[in-house]
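This is upload.txt (compact mmCIF, C-alpha atoms).
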# COMPACT_ATOMS: atom_id res chain seq x y z
CA MET R 221 158.43 32.33 193.29
CA VAL R 222 157.71 35.89 191.91
CA THR R 223 160.19 38.41 193.17
CA SER R 224 159.16 41.93 194.24
CA ASP R 225 160.91 43.32 191.17
CA GLN R 226 158.90 41.06 188.84
CA ARG R 227 155.72 41.98 190.67
CA ARG R 228 156.38 45.72 190.21
CA ARG R 229 157.07 45.22 186.49
CA GLN R 230 153.86 43.19 186.12
CA LEU R 231 151.81 45.87 187.89
CA ALA R 232 153.45 48.58 185.78
CA ARG R 233 152.68 46.66 182.58
CA GLU R 234 149.03 46.16 183.60
CA LYS R 235 148.73 49.85 184.45
CA PHE R 236 150.19 50.79 181.06
CA GLU R 237 147.78 48.45 179.27
CA ARG R 238 144.84 49.95 181.15
CA GLN R 239 145.97 53.46 180.17
CA GLN R 240 146.30 52.40 176.56
CA GLN R 241 142.84 50.89 176.62
CA ARG R 242 141.39 54.07 178.13
CA ARG R 243 143.16 56.22 175.54
CA ALA R 244 141.97 53.98 172.70
CA GLU R 245 138.41 54.14 174.04
CA ALA R 246 138.67 57.92 174.35
CA ARG R 247 139.91 58.20 170.74
CA ARG R 248 137.07 55.95 169.54
CA LYS R 249 134.48 58.07 171.33
CA GLY R 250 136.12 61.23 170.00
CA ARG R 251 135.84 59.94 166.43
CA GLN R 252 132.16 59.09 167.00
CA ARG R 253 131.44 62.57 168.35
CA ALA R 254 133.24 64.14 165.40
CA MET R 255 131.20 62.06 162.96
CA VAL R 256 127.92 63.04 164.64
CA ILE R 257 128.86 66.72 164.75
CA GLY R 258 130.03 66.61 161.12
CA ALA R 259 126.78 65.03 160.01
CA ALA R 260 124.75 67.62 161.91
CA VAL R 261 126.74 70.48 160.40
CA ALA R 262 126.23 69.02 156.92
CA VAL R 263 122.47 68.84 157.48
CA VAL R 264 122.35 72.45 158.70
CA LEU R 265 124.45 73.69 155.78
CA ALA R 266 122.27 71.80 153.31
CA ALA R 267 119.16 73.32 154.87
CA LEU R 268 120.66 76.82 154.72
CA VAL R 269 121.60 76.36 151.07
CA GLY R 270 118.08 75.17 150.33
CA LEU R 271 116.57 78.21 152.03
CA ILE R 272 118.87 80.61 150.20
CA VAL R 273 118.21 78.98 146.83
CA GLY R 274 114.48 79.01 147.61
CA GLY R 275 114.63 82.75 148.26
CA VAL R 276 113.73 82.66 151.98
CA PHE R 277 116.67 84.92 152.85
CA ASP R 278 116.45 87.02 149.69
CA SER R 279 114.79 90.18 150.95
CA GLY R 280 114.70 91.62 147.45
CA LYS R 281 112.79 88.73 145.96
CA LYS R 282 109.21 89.54 145.02
CA ASP R 283 106.53 87.10 145.98
CA GLU R 284 105.29 86.58 142.46
CA ALA R 285 104.43 83.77 140.10
CA ALA R 286 107.52 82.13 138.59
CA ASP R 287 107.02 83.55 135.10
CA PRO R 288 105.37 86.98 135.26
CA ALA R 289 105.26 87.16 131.48
CA ALA R 290 102.98 84.13 131.38
CA SER R 291 100.67 84.79 134.31
CA PRO R 292 99.00 87.69 136.09
CA SER R 293 100.64 88.19 139.44
CA ALA R 294 100.54 90.52 142.41
CA ALA R 295 102.21 90.89 145.76
CA PRO R 296 99.51 91.89 148.23
CA SER R 297 100.52 93.81 151.30
CA PRO R 298 101.23 91.64 154.37
CA LYS R 299 98.09 90.47 156.07
CA GLN R 300 97.21 93.10 158.63
CA SER R 301 93.50 92.75 159.13
CA PRO R 302 90.72 90.24 158.54
CA ALA R 303 88.71 90.27 155.35
CA PRO R 304 85.44 92.21 155.63
CA ALA R 305 82.49 90.47 157.24
CA MET R 306 79.93 89.06 154.83
CA ALA R 307 77.47 91.86 154.09
CA ILE R 308 76.01 91.07 150.67
CA ASP R 309 73.11 89.01 149.39
CA GLN R 310 74.91 85.83 148.37
CA LYS R 311 72.18 84.95 145.89
CA ALA R 312 72.19 88.28 144.08
CA LYS R 313 74.07 89.70 141.12
CA TYR R 314 76.12 92.87 141.32
CA THR R 315 77.73 95.35 138.93
CA PHE R 316 81.29 96.55 139.41
CA ALA R 317 81.30 99.85 137.51
CA LEU R 318 84.64 101.43 136.63
CA LYS R 319 84.77 104.98 135.35
CA THR R 320 88.23 105.13 133.75
CA SER R 321 90.30 107.57 131.70
CA ALA R 322 90.00 105.10 128.80
CA GLY R 323 86.23 104.74 129.00
CA ASP R 324 83.57 103.18 131.19
CA ILE R 325 83.81 99.47 132.01
CA LYS R 326 81.03 97.53 133.67
CA VAL R 327 81.60 94.10 135.17
CA GLU R 328 78.73 91.77 136.01
CA MET R 329 79.37 89.65 139.12
CA ASP R 330 77.41 86.67 140.44
CA ALA R 331 77.64 86.45 144.24
CA ALA R 332 76.31 82.89 144.19
CA LYS R 333 79.54 81.78 142.47
CA THR R 334 82.08 84.05 144.17
CA PRO R 335 80.57 85.40 147.41
CA GLU R 336 83.85 86.18 149.19
CA THR R 337 85.25 88.02 146.17
CA VAL R 338 82.10 90.05 145.49
CA ASN R 339 81.76 90.90 149.18
CA SER R 340 85.36 92.09 149.34
CA PHE R 341 85.05 94.22 146.20
CA LYS R 342 81.86 95.84 147.48
CA ALA R 343 83.44 96.63 150.83
CA LEU R 344 86.50 98.14 149.13
CA ALA R 345 84.49 100.10 146.56
CA ASP R 346 82.16 101.48 149.24
CA LYS R 347 85.11 103.17 150.92
CA GLY R 348 86.58 104.50 147.65
CA PHE R 349 89.51 102.08 147.58
CA PHE R 350 89.70 101.92 143.77
CA ASP R 351 89.21 105.64 143.16
CA ASN R 352 92.10 107.39 141.39
CA THR R 353 94.19 104.22 141.04
CA LYS R 354 96.20 103.22 137.96
CA CYS R 355 95.98 100.05 135.93
CA HIS R 356 99.68 99.31 136.12
CA ARG R 357 100.23 96.37 133.80
CA LEU R 358 99.39 95.37 130.24
CA THR R 359 100.44 92.08 128.62
CA THR R 360 100.33 91.68 124.86
CA SER R 361 101.77 88.21 124.22
CA GLY R 362 100.99 84.77 125.66
CA ILE R 363 98.19 86.19 127.74
CA TYR R 364 96.21 89.34 127.03
CA VAL R 365 95.22 91.25 130.13
CA LEU R 366 95.13 94.67 131.75
CA GLN R 367 95.85 94.46 135.48
CA CYS R 368 94.39 96.97 137.95
CA GLY R 369 93.39 97.36 141.58
CA ASP R 370 96.73 98.27 143.15
CA PRO R 371 96.47 101.49 145.19
CA GLU R 372 100.24 101.93 144.86
CA GLY R 373 100.29 101.45 141.09
CA THR R 374 103.35 99.20 141.31
CA GLY R 375 101.91 95.69 141.42
CA MET R 376 102.93 95.36 145.08
CA GLY R 377 99.93 96.90 146.86
CA GLY R 378 96.79 95.46 148.35
CA PRO R 379 94.06 95.96 150.94
CA GLY R 380 95.97 94.52 153.92
CA TYR R 381 94.19 91.15 153.80
CA THR R 382 93.76 88.19 151.46
CA ILE R 383 90.70 86.24 150.37
CA ALA R 384 90.11 82.62 149.41
CA ASP R 385 90.11 81.36 145.83
CA GLU R 386 86.66 80.64 144.41
CA ASN R 387 85.02 79.27 141.25
CA LEU R 388 88.29 77.79 139.92
CA ASP R 389 86.56 74.97 138.04
CA ALA R 390 84.23 77.31 136.16
CA LEU R 391 86.32 77.36 132.98
CA GLY R 392 86.46 73.62 132.43
CA LYS R 393 89.03 70.87 132.70
CA PRO R 394 92.70 71.83 132.23
CA ASN R 395 94.50 70.60 129.11
CA GLU R 396 97.75 68.61 129.07
CA GLN R 397 99.68 71.78 129.92
CA GLY R 398 97.50 72.32 132.99
CA GLN R 399 95.78 75.33 131.45
CA VAL R 400 92.27 76.51 130.66
CA ILE R 401 91.13 79.39 128.49
CA TYR R 402 90.13 82.59 130.25
CA PRO R 403 87.84 84.01 127.55
CA ALA R 404 87.93 87.61 126.39
CA GLY R 405 85.72 89.65 128.68
CA THR R 406 86.60 87.68 131.81
CA VAL R 407 87.62 89.49 134.99
CA ALA R 408 89.68 87.47 137.46
CA MET R 409 91.71 87.89 140.62
CA ALA R 410 95.46 88.35 140.44
CA ASN R 411 97.54 86.62 143.10
CA THR R 412 101.09 85.77 144.13
CA GLY R 413 101.05 82.39 142.42
CA ARG R 414 100.07 80.69 145.68
CA PRO R 415 96.58 79.59 146.74
CA HIS R 416 94.30 82.04 148.53
CA THR R 417 96.49 85.12 148.10
CA GLY R 418 94.06 87.39 146.27
CA GLY R 419 93.71 90.93 147.57
CA SER R 420 92.43 93.88 145.55
CA GLN R 421 94.29 93.39 142.27
CA PHE R 422 92.38 91.97 139.33
CA PHE R 423 92.91 91.54 135.62
CA LEU R 424 90.64 92.24 132.66
CA VAL R 425 91.02 89.81 129.75
CA TYR R 426 90.70 91.49 126.34
CA LYS R 427 91.58 88.38 124.27
CA ASP R 428 91.31 84.64 125.00
CA SER R 429 94.21 83.73 127.29
CA PRO R 430 95.54 80.29 128.34
CA LEU R 431 96.28 80.18 132.06
CA ALA R 432 96.41 77.71 134.91
CA PRO R 433 93.00 77.65 136.64
CA SER R 434 94.46 79.40 139.68
CA TYR R 435 92.84 82.80 139.36
CA THR R 436 89.29 83.33 140.61
CA PRO R 437 87.07 84.29 137.63
CA PHE R 438 84.44 86.55 139.15
CA GLY R 439 83.04 88.81 136.46
CA LYS R 440 82.16 89.48 132.83
CA ILE R 441 82.93 92.75 131.04
CA ASP R 442 80.22 94.50 129.03
CA ALA R 443 80.66 95.09 125.28
CA ALA R 444 81.54 98.80 125.60
CA GLY R 445 84.10 98.07 128.29
CA LEU R 446 85.71 95.32 126.21
CA LYS R 447 86.00 97.67 123.24
CA ALA R 448 87.71 100.27 125.44
CA LEU R 449 90.18 97.60 126.64
CA GLU R 450 90.96 96.55 123.09
CA GLU R 451 91.83 100.15 122.20
CA VAL R 452 94.23 100.35 125.15
CA ALA R 453 95.83 97.06 124.08
CA LYS R 454 96.30 98.26 120.47
CA ALA R 455 98.55 101.05 121.71
CA GLY R 456 100.79 98.52 123.46
CA THR R 457 103.05 99.13 126.44
CA ALA R 458 104.84 102.34 127.31
CA GLU R 459 108.27 100.88 126.52
CA GLY R 460 107.20 98.77 123.56
CA GLY R 461 107.67 95.41 125.28
CA GLN R 462 105.18 92.61 125.74
CA ASP R 463 104.64 93.24 129.44
CA GLY R 464 104.63 96.61 131.16
CA ALA R 465 102.69 99.77 131.91
CA PRO R 466 100.17 100.57 129.16
CA LYS R 467 101.22 103.28 126.72
CA THR R 468 97.73 104.71 127.03
CA PRO R 469 97.50 105.45 130.77
CA VAL R 470 94.43 103.95 132.39
CA THR R 471 93.27 105.50 135.65
CA ILE R 472 90.22 104.27 137.52
CA GLN R 473 88.61 107.55 138.43
CA LYS R 474 85.76 105.93 140.33
CA GLY R 475 84.88 102.33 141.19
CA THR R 476 81.48 101.36 142.58
CA VAL R 477 79.66 98.09 143.30
CA THR R 478 75.87 98.03 143.25
CA GLN R 479 73.31 95.24 143.54
CA ASN R 480 71.32 94.62 140.35
I need this file expressed as structure tokens, please.
Amino acid sequence: MVTSDQRRRQLAREKFERQQQRRAEARRKGRQRAMVIGAAVAVVLAALVGLIVGGVFDSGKKDEAADPAASPSAAPSPKQSPAPAMAIDQKAKYTFALKTSAGDIKVEMDAAKTPETVNSFKALADKGFFDNTKCHRLTTSGIYVLQCGDPEGTGMGGPGYTIADENLDALGKPNEQGQVIYPAGTVAMANTGRPHTGGSQFFLVYKDSPLAPSYTPFGKIDAAGLKALEEVAKAGTAEGGQDGAPKTPVTIQKGTVTQN
């Protein structure tokens, strides 16, 4: 027969065992929560590191192509307004005439091949956008271009909108390095290194230049204009490097677009 004393000890033991079980279960659940929280924190930290390394939180980082010495680049102003409505004859040819401090440059444009680009340049030229602007960049090694079209003269300005890339397959199939030749006399859109980020900046090629086919080729320079460009290139950059402001300042005094 179980005495009352034995019964109390048995009940006390069972109670203790239940408490131990509850505490063990609580510890197990606590460890699981800690593991889940730790994993989540690790994921967040990894994501933050990735964003910092990628430059998302680097407010001083320019939105440019990775190697500015090897490609024309620009950082158009943030998109503030839509591109101009189509207002040109998309089957016609146009002339982009630049009266510059280094000589006159005429660029023949075919709207059938680059309608958005030609339309944008006509809209900008009609309101005097290019007048009294500096060609801010000359490259003399790797690629051979004079870059213009920035109203700020810093390489960071634009019209407040971007336009789509066009005519990218016009220069043939890329080679093993993913490049095509932009021939001397070509005029093409500068961009940030990302698709469809052209604005108002463009570059004039004065010597055959290997580039990725990422820059809309939209015009051809006349012989007199190409000669003027070559003279600017001969003088080199202002600081004697391979990439910088031209030593011979080039100011676009007037830029107009007319239908041929």
Ranking R:Leu424, R:Ala312, R:Ala404, R:Leu446 by minimum distance to R:Lys333 and counting only C-alpha atoms, which one comes first?
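Of R:Leu424, R:Ala312, R:Ala404, R:Leu446, the one nearest R:Lys333 is R:Ala312, counting only C-alpha atoms.
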Gap from atom CA of R:Ile441 to atom CA of R:Ser429 - Å, one decimal:
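We find that atom CA of R:Ile441 and atom CA of R:Ser429 lie 14.9 Å from each other.
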Quick one: residues within 8 Å of R:Ala453, only C-alpha atoms, excluding same-chain residues fewer than 4 positions away - as a count of residues only?
6
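Computed from the coordinates, the atom CA of R:Ala331 to atom CA of R:Val407 distance equals 13.9 Å.
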**Request:** Using atom CA of R:Tyr381 and atom CA of R:Ser301 as the two end points, give the distance in Å to one decimal.
**Result:**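 Result for atom CA of R:Tyr381 versus atom CA of R:Ser301: 5.6 Å, one decimal.
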- prompt: Nearest to R:Asp330: which of R:Ile363, R:Leu431, R:Ile308, R:Leu344 is it, counting only C-alpha atoms?
  reply: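 Between R:Ile363, R:Leu431, R:Ile308, R:Leu344, the residue approaching R:Asp330 most closely is R:Ile308.
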Residue among R:Gly419, R:Gly456, R:Pro430, R:Pro335 lying closest to R:Gln397, counting only C-alpha atoms: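 Looking only at the distances to R:Gln397, the closest residue turns out to be R:Pro430.
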